[in-house]
$ cat run.pdb   # PDB, C-alpha atoms and all ligand atoms
ATOM      1  CA  MET A 123       7.315 -16.225 -19.293
ATOM      2  CA  LYS A 124       7.827 -19.645 -17.773
ATOM      3  CA  GLU A 125       4.852 -21.984 -18.318
ATOM      4  CA  GLY A 126       2.700 -22.300 -15.212
ATOM      5  CA  LYS A 127       4.629 -19.717 -13.147
ATOM      6  CA  ALA A 128       2.973 -16.476 -12.086
ATOM      7  CA  SER A 129       4.928 -13.303 -12.873
ATOM      8  CA  LEU A 130       7.554 -12.361 -10.296
ATOM      9  CA  THR A 131       7.844  -8.816 -11.648
ATOM     10  CA  ALA A 132       4.103  -8.307 -11.046
ATOM     11  CA  GLU A 133       4.619  -9.250  -7.403
ATOM     12  CA  LEU A 134       7.617  -6.895  -7.087
ATOM     13  CA  THR A 135       5.801  -3.839  -8.465
ATOM     14  CA  THR A 136       2.911  -4.588  -6.103
ATOM     15  CA  VAL A 137       5.141  -4.798  -3.040
ATOM     16  CA  ALA A 138       6.655  -1.425  -4.004
ATOM     17  CA  ARG A 139       3.181   0.135  -4.242
ATOM     18  CA  ALA A 140       2.144  -1.440  -0.953
ATOM     19  CA  GLY A 141       5.224  -0.078   0.824
ATOM     20  CA  GLU A 142       4.797   3.399  -0.646
ATOM     21  CA  SER A 143       1.159   3.472   0.402
ATOM     22  CA  LEU A 144       2.243   3.289   4.051
ATOM     23  CA  ASN A 145       3.850   6.739   3.736
ATOM     24  CA  ALA A 146       2.081   9.943   4.729
ATOM     25  CA  GLU A 147      -0.025  11.563   2.025
ATOM     26  CA  ALA A 148       2.267  14.601   1.907
ATOM     27  CA  ILE A 149       5.223  12.586   0.660
ATOM     28  CA  ARG A 150       4.027   9.401  -1.014
ATOM     29  CA  LEU A 151       4.344   8.959  -4.771
ATOM     30  CA  CYS A 152       1.237   6.827  -5.173
ATOM     31  CA  TYR A 153      -1.541   5.394  -3.057
ATOM     32  CA  ASP A 154      -2.784   1.866  -3.573
ATOM     33  CA  PRO A 155      -4.401   0.724  -0.326
ATOM     34  CA  LEU A 156      -5.283  -2.668  -1.846
ATOM     35  CA  ALA A 157      -1.765  -3.493  -3.060
ATOM     36  CA  ARG A 158      -0.774  -5.280   0.122
ATOM     37  CA  GLU A 159      -3.958  -7.373   0.084
ATOM     38  CA  PHE A 160      -3.103  -8.665  -3.376
ATOM     39  CA  LEU A 161       0.303 -10.001  -2.326
ATOM     40  CA  GLY A 162       1.041 -13.568  -1.410
ATOM     41  CA  MET A 163       2.904 -14.600   1.728
ATOM     42  CA  PRO A 164       5.624 -13.755   2.772
ATOM     43  CA  LEU A 165       5.585 -10.434   0.869
ATOM     44  CA  ARG A 166       2.289  -9.503   2.552
ATOM     45  CA  ILE A 167       4.080  -9.625   5.892
ATOM     46  CA  LEU A 168       6.946  -7.490   4.606
ATOM     47  CA  ALA A 169       4.486  -4.990   3.114
ATOM     48  CA  GLY A 170       2.752  -4.510   6.459
ATOM     49  CA  SER A 171       5.840  -2.988   8.035
ATOM     50  CA  ARG A 172       6.843   0.567   7.276
ATOM     51  CA  LEU A 173      10.386  -0.139   8.466
ATOM     52  CA  LEU A 174      10.824  -3.288   6.360
ATOM     53  CA  THR A 175       9.371  -1.710   3.211
ATOM     54  CA  ARG A 176      11.539   1.387   3.642
ATOM     55  CA  ILE A 177      14.587  -0.866   3.912
ATOM     56  CA  ALA A 178      13.467  -2.878   0.846
ATOM     57  CA  LEU A 179      12.856   0.279  -1.224
ATOM     58  CA  TRP A 180      16.205   1.699  -0.056
ATOM     59  CA  CYS A 181      17.980  -1.529  -1.155
ATOM     60  CA  ALA A 182      16.139  -1.502  -4.505
ATOM     61  CA  GLU A 183      17.211   2.117  -5.040
ATOM     62  CA  ARG A 184      20.870   1.149  -4.454
ATOM     63  CA  LEU A 185      20.596  -1.826  -6.824
ATOM     64  CA  ILE A 186      18.581  -0.195  -9.602
ATOM     65  CA  PRO A 187      18.763   3.583  -9.123
ATOM     66  CA  GLY A 188      15.585   5.457 -10.012
ATOM     67  CA  VAL A 189      13.505   2.339 -10.704
ATOM     68  CA  PRO A 190      11.417   2.456  -7.501
ATOM     69  CA  GLY A 191      10.602   6.133  -8.234
ATOM     70  CA  GLU A 192       9.709   5.190 -11.790
ATOM     71  CA  VAL A 193       7.418   2.291 -10.876
ATOM     72  CA  LEU A 194       5.623   4.318  -8.197
ATOM     73  CA  SER A 195       5.152   7.566 -10.083
ATOM     74  CA  ARG A 196       3.981   5.750 -13.225
ATOM     75  CA  THR A 197       1.212   4.182 -11.108
ATOM     76  CA  GLN A 198       0.121   7.636  -9.941
ATOM     77  CA  TYR A 199       0.294   9.001 -13.476
ATOM     78  CA  ILE A 200      -1.855   6.143 -14.811
ATOM     79  CA  ASP A 201      -4.316   6.619 -11.928
ATOM     80  CA  ASP A 202      -4.577  10.284 -12.963
ATOM     81  CA  CYS A 203      -5.104   9.298 -16.618
ATOM     82  CA  LEU A 204      -7.797   6.804 -15.599
ATOM     83  CA  LYS A 205      -9.627   9.432 -13.502
ATOM     84  CA  ALA A 206      -9.598  11.811 -16.481
ATOM     85  CA  ARG A 207     -10.764   9.101 -18.886
ATOM     86  CA  ILE A 208     -13.629   8.091 -16.582
ATOM     87  CA  GLU A 209     -14.725  11.748 -16.621
ATOM     88  CA  ASP A 210     -14.508  11.622 -20.438
ATOM     89  CA  GLY A 211     -17.042   8.805 -20.354
ATOM     90  CA  ILE A 212     -15.092   5.662 -21.247
ATOM     91  CA  GLU A 213     -17.300   2.594 -21.509
ATOM     92  CA  GLN A 214     -14.652  -0.129 -21.374
ATOM     93  CA  LEU A 215     -11.299  -0.442 -19.616
ATOM     94  CA  VAL A 216      -8.794  -3.030 -20.816
ATOM     95  CA  ILE A 217      -5.794  -3.695 -18.557
ATOM     96  CA  LEU A 218      -3.153  -5.537 -20.564
ATOM     97  CA  GLY A 219      -0.713  -7.576 -18.480
ATOM     98  CA  ALA A 220      -2.733  -6.602 -15.404
ATOM     99  CA  GLY A 221      -0.678  -8.406 -12.773
ATOM    100  CA  TYR A 222      -1.987  -7.373  -9.351
ATOM    101  CA  ASP A 223      -3.329  -4.041 -10.570
ATOM    102  CA  SER A 224      -6.071  -3.123  -8.085
ATOM    103  CA  ARG A 225      -7.667  -0.325 -10.106
ATOM    104  CA  PRO A 226     -10.795  -2.334 -11.023
ATOM    105  CA  TYR A 227     -11.474  -2.704  -7.277
ATOM    106  CA  ARG A 228     -10.407   0.672  -5.892
ATOM    107  CA  PHE A 229     -11.991   2.995  -8.481
ATOM    108  CA  GLU A 230     -15.606   3.055  -7.298
ATOM    109  CA  GLU A 231     -16.673   4.963 -10.440
ATOM    110  CA  LEU A 232     -15.812   1.919 -12.599
ATOM    111  CA  LYS A 233     -18.241  -0.344 -10.797
ATOM    112  CA  GLU A 234     -21.408   1.281 -12.078
ATOM    113  CA  LYS A 235     -20.657   2.086 -15.677
ATOM    114  CA  VAL A 236     -17.460   0.588 -17.072
ATOM    115  CA  LEU A 237     -16.825  -2.967 -18.212
ATOM    116  CA  VAL A 238     -13.289  -3.948 -17.206
ATOM    117  CA  PHE A 239     -11.200  -6.602 -18.961
ATOM    118  CA  GLU A 240      -8.264  -7.889 -16.949
ATOM    119  CA  VAL A 241      -5.979  -9.435 -19.568
ATOM    120  CA  ASP A 242      -2.958 -11.416 -18.442
ATOM    121  CA  HIS A 243      -0.849 -14.511 -18.815
ATOM    122  CA  PRO A 244      -2.840 -17.552 -17.602
ATOM    123  CA  ALA A 245      -0.373 -18.370 -14.814
ATOM    124  CA  THR A 246      -0.445 -14.863 -13.315
ATOM    125  CA  GLN A 247      -4.170 -14.515 -13.823
ATOM    126  CA  GLU A 248      -5.005 -17.734 -12.006
ATOM    127  CA  VAL A 249      -3.249 -16.406  -8.909
ATOM    128  CA  LYS A 250      -4.870 -12.973  -9.307
ATOM    129  CA  ARG A 251      -8.387 -14.451  -9.469
ATOM    130  CA  LYS A 252      -7.788 -16.390  -6.263
ATOM    131  CA  ARG A 253      -6.492 -13.261  -4.574
ATOM    132  CA  VAL A 254      -9.482 -11.167  -5.719
ATOM    133  CA  MET A 255     -11.729 -13.858  -4.221
ATOM    134  CA  ARG A 256      -9.733 -13.795  -0.988
ATOM    135  CA  VAL A 257      -9.827  -9.994  -0.717
ATOM    136  CA  LEU A 258     -13.398  -9.271  -1.889
ATOM    137  CA  GLY A 259     -15.101 -12.604  -1.296
ATOM    138  CA  HIS A 260     -16.472 -12.568  -4.876
ATOM    139  CA  LEU A 261     -15.523 -11.677  -8.463
ATOM    140  CA  PRO A 262     -17.231  -8.354  -9.348
ATOM    141  CA  GLY A 263     -19.747  -8.584 -12.184
ATOM    142  CA  ASN A 264     -18.185  -5.754 -14.222
ATOM    143  CA  VAL A 265     -14.741  -7.407 -14.333
ATOM    144  CA  ILE A 266     -13.993 -10.025 -16.978
ATOM    145  CA  PHE A 267     -10.818 -12.083 -16.767
ATOM    146  CA  VAL A 268      -9.193 -12.854 -20.099
ATOM    147  CA  ALA A 269      -6.226 -15.229 -20.014
ATOM    148  CA  ILE A 270      -3.791 -14.956 -22.899
ATOM    149  CA  ASP A 271      -0.147 -15.419 -23.781
ATOM    150  CA  PHE A 272       0.498 -12.407 -26.026
ATOM    151  CA  GLU A 273       3.209 -14.391 -27.812
ATOM    152  CA  LYS A 274       0.957 -17.302 -28.711
ATOM    153  CA  GLU A 275      -2.601 -16.053 -29.085
ATOM    154  CA  LYS A 276      -4.440 -13.209 -30.767
ATOM    155  CA  LEU A 277      -5.823 -10.530 -28.466
ATOM    156  CA  GLN A 278      -8.800 -10.006 -30.771
ATOM    157  CA  ASN A 279      -9.886 -13.638 -30.526
ATOM    158  CA  ARG A 280      -9.680 -13.705 -26.759
ATOM    159  CA  LEU A 281     -11.331 -10.308 -26.192
ATOM    160  CA  PHE A 282     -14.168 -10.778 -28.676
ATOM    161  CA  GLU A 283     -15.094 -14.176 -27.285
ATOM    162  CA  ASN A 284     -15.275 -12.566 -23.834
ATOM    163  CA  GLY A 285     -17.733  -9.824 -24.809
ATOM    164  CA  TYR A 286     -15.457  -6.934 -25.770
ATOM    165  CA  ASP A 287     -17.297  -4.376 -27.956
ATOM    166  CA  LYS A 288     -15.127  -2.743 -30.610
ATOM    167  CA  ASN A 289     -17.513   0.219 -31.003
ATOM    168  CA  LEU A 290     -17.204   1.510 -27.446
ATOM    169  CA  LYS A 291     -14.928   4.244 -26.145
ATOM    170  CA  THR A 292     -12.177   2.258 -24.458
ATOM    171  CA  PHE A 293      -9.150   3.029 -22.337
ATOM    172  CA  PHE A 294      -6.212   0.607 -22.482
ATOM    173  CA  ILE A 295      -3.645   0.442 -19.673
ATOM    174  CA  TRP A 296      -0.420  -1.382 -20.516
ATOM    175  CA  GLU A 297       1.752  -0.777 -17.465
ATOM    176  CA  GLY A 298       5.148  -2.427 -17.101
ATOM    177  CA  VAL A 299       4.639  -4.953 -19.888
ATOM    178  CA  SER A 300       5.777  -3.904 -23.394
ATOM    179  CA  TYR A 301       9.496  -4.542 -22.780
ATOM    180  CA  TYR A 302       8.851  -8.220 -21.946
ATOM    181  CA  LEU A 303       7.248  -8.844 -25.344
ATOM    182  CA  THR A 304       8.655  -9.409 -28.810
ATOM    183  CA  ALA A 305       8.311  -6.608 -31.396
ATOM    184  CA  ARG A 306       5.697  -8.752 -33.185
ATOM    185  CA  ALA A 307       3.532  -9.068 -30.055
ATOM    186  CA  VAL A 308       3.863  -5.320 -29.379
ATOM    187  CA  ASP A 309       2.814  -4.514 -32.956
ATOM    188  CA  GLU A 310      -0.136  -6.900 -32.836
ATOM    189  CA  THR A 311      -1.342  -5.389 -29.565
ATOM    190  CA  LEU A 312      -1.130  -1.823 -30.877
ATOM    191  CA  ALA A 313      -2.832  -2.858 -34.142
ATOM    192  CA  PHE A 314      -5.662  -4.397 -32.126
ATOM    193  CA  VAL A 315      -6.136  -1.104 -30.251
ATOM    194  CA  THR A 316      -6.227   1.080 -33.383
ATOM    195  CA  ASN A 317      -8.441  -1.266 -35.389
ATOM    196  CA  ASN A 318     -10.857  -2.353 -32.707
ATOM    197  CA  SER A 319     -11.874   0.509 -30.467
ATOM    198  CA  GLY A 320     -14.461   3.266 -30.637
ATOM    199  CA  THR A 321     -13.990   6.983 -31.210
ATOM    200  CA  GLY A 322     -12.024   8.681 -28.438
ATOM    201  CA  SER A 323     -10.280   5.493 -27.274
ATOM    202  CA  SER A 324      -6.719   5.742 -26.012
ATOM    203  CA  ILE A 325      -3.824   3.796 -24.526
ATOM    204  CA  VAL A 326      -1.244   4.571 -21.866
ATOM    205  CA  PHE A 327       1.953   2.559 -21.572
ATOM    206  CA  ASP A 328       5.617   2.649 -20.712
ATOM    207  CA  TYR A 329       8.347   1.482 -23.062
ATOM    208  CA  ALA A 330      12.063   0.894 -22.584
ATOM    209  CA  PHE A 331      14.680   2.879 -24.459
ATOM    210  CA  GLU A 332      16.546   0.643 -26.911
ATOM    211  CA  LYS A 333      19.922   1.840 -25.645
ATOM    212  CA  VAL A 334      19.146   0.506 -22.152
ATOM    213  CA  LEU A 335      18.429  -2.967 -23.528
ATOM    214  CA  GLU A 336      21.769  -2.750 -25.339
ATOM    215  CA  GLY A 337      23.524  -2.096 -22.013
ATOM    216  CA  LYS A 338      24.177   1.558 -22.848
ATOM    217  CA  SER A 339      22.324   3.373 -20.074
ATOM    218  CA  GLU A 340      24.186   6.455 -18.832
ATOM    219  CA  VAL A 341      23.928   4.908 -15.342
ATOM    220  CA  ASP A 342      26.426   2.058 -15.090
ATOM    221  CA  GLN A 343      24.665   0.523 -12.126
ATOM    222  CA  ILE A 344      21.548   0.060 -14.305
ATOM    223  CA  ASN A 345      23.627  -1.719 -16.991
ATOM    224  CA  ARG A 346      25.078  -4.049 -14.373
ATOM    225  CA  ALA A 347      21.728  -4.756 -12.738
ATOM    226  CA  LEU A 348      20.044  -5.485 -16.075
ATOM    227  CA  LYS A 349      22.850  -7.833 -17.086
ATOM    228  CA  ALA A 350      22.588  -9.669 -13.764
ATOM    229  CA  TRP A 351      18.795  -9.939 -14.137
ATOM    230  CA  GLU A 352      19.090 -11.305 -17.686
ATOM    231  CA  ARG A 353      21.892 -13.767 -16.874
ATOM    232  CA  ALA A 354      20.857 -15.066 -13.486
ATOM    233  CA  ALA A 355      17.579 -13.860 -12.026
ATOM    234  CA  ALA A 356      15.229 -14.093 -15.034
ATOM    235  CA  PRO A 357      16.167 -17.673 -16.049
ATOM    236  CA  LEU A 358      16.052 -18.833 -12.432
ATOM    237  CA  THR A 359      12.687 -17.278 -11.702
ATOM    238  CA  THR A 360       9.909 -16.570 -14.208
ATOM    239  CA  ASP A 361      11.911 -16.019 -17.407
ATOM    240  CA  GLU A 362      10.783 -12.412 -17.832
ATOM    241  CA  HIS A 363      13.411 -10.960 -20.149
ATOM    242  CA  PHE A 364      13.758  -7.419 -21.443
ATOM    243  CA  VAL A 365      13.451  -7.806 -25.194
ATOM    244  CA  PHE A 366      11.627  -4.833 -26.689
ATOM    245  CA  GLY A 367      12.626  -1.185 -26.821
ATOM    246  CA  VAL A 368      12.065   1.982 -28.840
ATOM    247  CA  GLU A 369      14.837   4.387 -29.785
ATOM    248  CA  GLU A 370      14.742   7.401 -27.466
ATOM    249  CA  GLY A 371      13.069  10.410 -29.086
ATOM    250  CA  THR A 372      11.163   8.395 -31.715
ATOM    251  CA  ILE A 373       7.975   7.265 -29.941
ATOM    252  CA  GLU A 374       5.802   9.911 -31.667
ATOM    253  CA  GLU A 375       6.847   8.610 -35.077
ATOM    254  CA  PHE A 376       6.601   4.975 -33.896
ATOM    255  CA  LEU A 377       2.988   5.467 -32.800
ATOM    256  CA  SER A 378       1.797   7.784 -35.558
ATOM    257  CA  VAL A 379       2.717   5.270 -38.288
ATOM    258  CA  ARG A 380       0.717   2.744 -36.289
ATOM    259  CA  GLY A 381      -2.407   4.918 -36.423
ATOM    260  CA  PHE A 382      -2.274   6.934 -33.182
ATOM    261  CA  SER A 383      -2.613  10.688 -32.732
ATOM    262  CA  GLU A 384      -2.402  13.208 -29.863
ATOM    263  CA  ILE A 385       0.719  11.443 -28.617
ATOM    264  CA  ALA A 386       1.913  12.782 -25.261
ATOM    265  CA  ASN A 387       5.338  11.457 -24.312
ATOM    266  CA  MET A 388       6.711  11.867 -20.797
ATOM    267  CA  GLU A 389      10.111  11.131 -19.358
ATOM    268  CA  HIS A 390      11.808  11.265 -15.953
ATOM    269  CA  ASP A 391      11.725  15.082 -15.636
ATOM    270  CA  PHE A 392       7.928  15.177 -15.979
ATOM    271  CA  PHE A 393       7.468  12.691 -13.128
ATOM    272  CA  GLU A 394       9.989  14.402 -10.893
ATOM    273  CA  SER A 395       8.282  17.775 -11.239
ATOM    274  CA  ALA A 396       4.699  16.437 -11.169
ATOM    275  CA  TYR A 397       4.848  13.987  -8.278
ATOM    276  CA  PHE A 398       7.949  14.354  -6.128
ATOM    277  CA  LYS A 399       7.178  16.547  -3.188
ATOM    278  CA  GLY A 400       8.363  17.272   0.361
ATOM    279  CA  ARG A 401      11.399  15.294   1.413
ATOM    280  CA  GLU A 402      10.844  12.875  -1.486
ATOM    281  CA  GLN A 403      12.199  15.567  -3.822
ATOM    282  CA  SER A 404      15.602  13.940  -3.515
ATOM    283  CA  ARG A 405      14.273  10.714  -5.063
ATOM    284  CA  ASP A 406      14.950  10.075  -8.687
ATOM    285  CA  VAL A 407      13.258   8.526 -11.734
ATOM    286  CA  SER A 408      15.519   6.354 -13.864
ATOM    287  CA  ARG A 409      16.209   7.091 -17.525
ATOM    288  CA  ILE A 410      15.184   3.559 -18.551
ATOM    289  CA  CYS A 411      11.709   4.183 -19.902
ATOM    290  CA  GLY A 412       9.436   6.688 -21.548
ATOM    291  CA  PHE A 413       5.698   6.903 -20.819
ATOM    292  CA  VAL A 414       3.154   7.677 -23.434
ATOM    293  CA  HIS A 415      -0.543   8.393 -23.743
ATOM    294  CA  ALA A 416      -1.892   8.161 -27.290
ATOM    295  CA  THR A 417      -5.324   8.425 -28.846
ATOM    296  CA  VAL A 418      -6.646   6.166 -31.588
ATOM    297  CA  GLY A 419      -6.555   8.239 -34.780
ATOM    298  CA  SER A 420      -9.283   8.591 -37.388
ATOM    299  CA  ALA A 421     -10.036   5.602 -39.649
ATOM    300  CA  GLU A 422      -8.092   7.236 -42.530
ATOM    301  CA  SER A 423      -4.919   7.546 -40.445
ATOM    302  CA  ARG A 424      -4.891   3.864 -39.489
ATOM    303  CA  PRO A 425      -2.490   1.514 -41.247
ATOM    304  CA  ARG A 426      -4.073  -0.961 -43.667
ATOM    305  CA  LEU A 427      -4.238  -4.458 -42.270
ATOM    306  CA  ALA A 428      -2.331  -7.082 -44.237
TER     307      ALA A 428
HETATM  308  C1  LIG B 501       5.947  -6.122 -14.467
HETATM  309  S1  LIG B 501       4.461  -7.038 -14.491
HETATM  310  C2  LIG B 501       3.329  -5.661 -14.576
HETATM  311  C3  LIG B 501       2.044  -5.973 -13.896
HETATM  312  C4  LIG B 501       1.123  -4.768 -13.688
HETATM  313  N1  LIG B 501       0.704  -4.212 -14.942
HETATM  314  C5  LIG B 501       1.816  -3.746 -12.829
HETATM  315  O1  LIG B 501       2.213  -2.691 -13.342
HETATM  316  O2  LIG B 501       1.972  -3.996 -11.637
HETATM  317  C6  LIG B 501       4.381  -7.735 -16.118
HETATM  318  C7  LIG B 501       3.042  -8.366 -16.463
HETATM  319  O3  LIG B 501       3.077  -8.781 -17.841
HETATM  320  C8  LIG B 501       2.536 -10.077 -17.956
HETATM  321  N2  LIG B 501       3.153 -10.740 -19.116
HETATM  322  C9  LIG B 501       4.467 -10.868 -19.400
HETATM  323  N3  LIG B 501       4.635 -11.575 -20.542
HETATM  324  C10 LIG B 501       3.388 -11.904 -20.981
HETATM  325  C11 LIG B 501       2.885 -12.644 -22.088
HETATM  326  N4  LIG B 501       3.703 -13.191 -22.977
HETATM  327  N5  LIG B 501       1.558 -12.791 -22.215
HETATM  328  C12 LIG B 501       0.702 -12.247 -21.303
HETATM  329  N6  LIG B 501       1.121 -11.532 -20.229
HETATM  330  C13 LIG B 501       2.449 -11.371 -20.074
HETATM  331  C14 LIG B 501       2.860 -10.765 -16.632
HETATM  332  O4  LIG B 501       1.975 -11.851 -16.362
HETATM  333  C15 LIG B 501       2.713  -9.610 -15.650
HETATM  334  O5  LIG B 501       1.412  -9.518 -15.146
END

$ encode --input "run.pdb" --output "structure tokens"
Amino acid sequence: MKEGKASLTAELTTVARAGESLNAEAIRLCYDPLAREFLGMPLRILAGSRLLTRIALWCAERLIPGVPGEVLSRTQYIDDCLKARIEDGIEQLVILGAGYDSRPYRFEELKEKVLVFEVDHPATQEVKRKRVMRVLGHLPGNVIFVAIDFEKEKLQNRLFENGYDKNLKTFFIWEGVSYYLTARAVDETLAFVTNNSGTGSSIVFDYAFEKVLEGKSEVDQINRALKAWERAAAPLTTDEHFVFGVEEGTIEEFLSVRGFSEIANMEHDFFESAYFKGREQSRDVSRICGFVHATVGSAESRPRLA
């Protein structure tokens, strides 16, 4: 990411959630009533209009087919995972690359009993903190902001110095981030999770398929859009490049050698059947990413640290 510049992609996913949340309950893919509040101007104005957001989502669908459906249904899926994990009694929630994720502020159940770590790039996090202040008027006591560049600093150093407890049952959310990181940063993050969280901890994240990063998606429009983003948009904006992917069909192996178990992998068909209802059935989820929920395995199954 560009030094000192807040993430543009974080703003874009938030405007999509805000627009979708204006739809009727019977047809929307996710509901994030705080998303609009966390936007800056002028996107907050756009996100207040059902007509404008429908036009924007329609344009995005033409440009990058299936991506709006993917971004929105992954949010609902992660919300569902979080609800289930709260019922399981998690004690800590760590949101990696949090962007304008509003879960710490819209899940009432977190406020009483779960310590939340919002982990993000310093530039994005500075803006987020100001927006939380604007929306809530204060920074909630159970939310701890941890600024880090995953490429330059160690997650363990930053989390431990901010009060993270490695013995507690923890849920990690890593939504829309892994593909912007190098393989080394991805490995270090996963190693932190397996080596530093209590029994019953787990992580949910999305990952890009390697073939898409190589420009070999079966949807030509996606190949063209990704090329245009990499060549023109990313360098001109916040320098968020797609650099990391996993070969399709290999995520179970990828995660089990890194010490995870109970690996549930989901792809576009799962989201389409689970979340697309009413007239939204005609919407699509792209074949760019897989989504995975994995539990931290027993101590014996974890890889030895170098
Ligand atoms: C697409 S946004 C996703 C934001 C949020 N999780 C969501 O789904 O709306 C990518 C996020 O990754 C963060 N990010 C990207 N590269 C990073 C890095 N090297 N270190 C820390 N955070 C990074 C950005 O600041 C941004 O918040």

$ residues_near_ligand --input "run.pdb" --ligand "ligand LIG 501 (chain B)" --cutoff "6 Å" --atoms "only C-alpha atoms and all ligand atoms" --output "compact mmCIF listing (two decimals) with C-alpha atoms, keeping the file's coordinate frame"
# COMPACT_ATOMS: atom_id res chain seq x y z
CA MET A 123 7.32 -16.23 -19.29
CA SER A 129 4.93 -13.30 -12.87
CA THR A 131 7.84 -8.82 -11.65
CA ALA A 132 4.10 -8.31 -11.05
CA THR A 135 5.80 -3.84 -8.46
CA THR A 136 2.91 -4.59 -6.10
CA GLY A 219 -0.71 -7.58 -18.48
CA ALA A 220 -2.73 -6.60 -15.40
CA GLY A 221 -0.68 -8.41 -12.77
CA TYR A 222 -1.99 -7.37 -9.35
CA ASP A 223 -3.33 -4.04 -10.57
CA ASP A 242 -2.96 -11.42 -18.44
CA HIS A 243 -0.85 -14.51 -18.82
CA THR A 246 -0.44 -14.86 -13.32
CA ILE A 270 -3.79 -14.96 -22.90
CA ASP A 271 -0.15 -15.42 -23.78
CA PHE A 272 0.50 -12.41 -26.03
CA GLU A 273 3.21 -14.39 -27.81
CA GLU A 297 1.75 -0.78 -17.46
CA GLY A 298 5.15 -2.43 -17.10
CA VAL A 299 4.64 -4.95 -19.89
CA TYR A 302 8.85 -8.22 -21.95

$ atom_distance --input "run.pdb" --atom1 "CA of Glu230 (chain A)" --atom2 "CA of Arg158 (chain A)"
18.6 Å

$ resolve_selection --input "run.pdb" --expression "the PyMOL selection byres (((chain A and resi 315-330) around 8) and not hetatm)" --output "count of residues only"
43

$ closest_residue --input "run.pdb" --among "A:Glu192, A:Glu213, A:Glu248, A:Glu142" --to "Thr175 (chain A)" --atoms "all atoms listed in the file"
A:Glu142

$ resolve_selection --input "run.pdb" --expression "the PyMOL selection byres (((chain A and resi 164-169) around 12) and not hetatm)" --output "VMD selection string"
chain A and resid 130 133 to 145 155 to 163 170 to 179 253

$ resolve_selection --input "run.pdb" --expression "the PyMOL selection byres (((chain A and resi 347) around 12) and not hetatm)" --output "list in words"
Ala182, Glu183, Arg184, Leu185, Ile186, Pro187, Val189, Val334, Leu335, Gly337, Ser339, Val341, Asp342, Gln343, Ile344, Asn345, Arg346, Leu348, Lys349, Ala350, Trp351, Glu352, Arg353, Ala354, Ala355 and Ala356 of chain A

$ residues_near_point --input "run.pdb" --point "(0.8, -14.2, -32.3)" --cutoff "12 Å" --atoms "all atoms listed in the file" --output "list in words"
Ile270, Asp271, Phe272, Glu273, Lys274, Glu275, Lys276, Leu277, Gln278, Asn279, Arg280, Leu303, Thr304, Ala305, Arg306, Ala307, Val308, Asp309, Glu310, Thr311 and Phe314 of chain A

$ residues_around --input "run.pdb" --residues "Ala396 (chain A)" --least-positions-apart "3" --cutoff "9 Å" --atoms "all atoms listed in the file" --output "MDAnalysis selection string"
chainID A and resid 195 199 391:393 399

$ atom_distance --input "run.pdb" --atom1 "CA of Val236 (chain A)" --atom2 "CA of Leu194 (chain A)"
25.0 Å

$ residues_near_point --input "run.pdb" --point "(-1.0, -24.6, -16.3)" --cutoff "7 Å" --atoms "only C-alpha atoms" --output "list in words"
Glu125, Gly126 and Ala245 of chain A

$ atom_distance --input "run.pdb" --atom1 "CA of Lys205 (chain A)" --atom2 "CA of Arg228 (chain A)"
11.6 Å

$ closest_residue --input "run.pdb" --among "A:Arg251, A:Val365, A:Leu204, A:Glu240" --to "Tyr286 (chain A)" --atoms "all atoms listed in the file"
A:Glu240
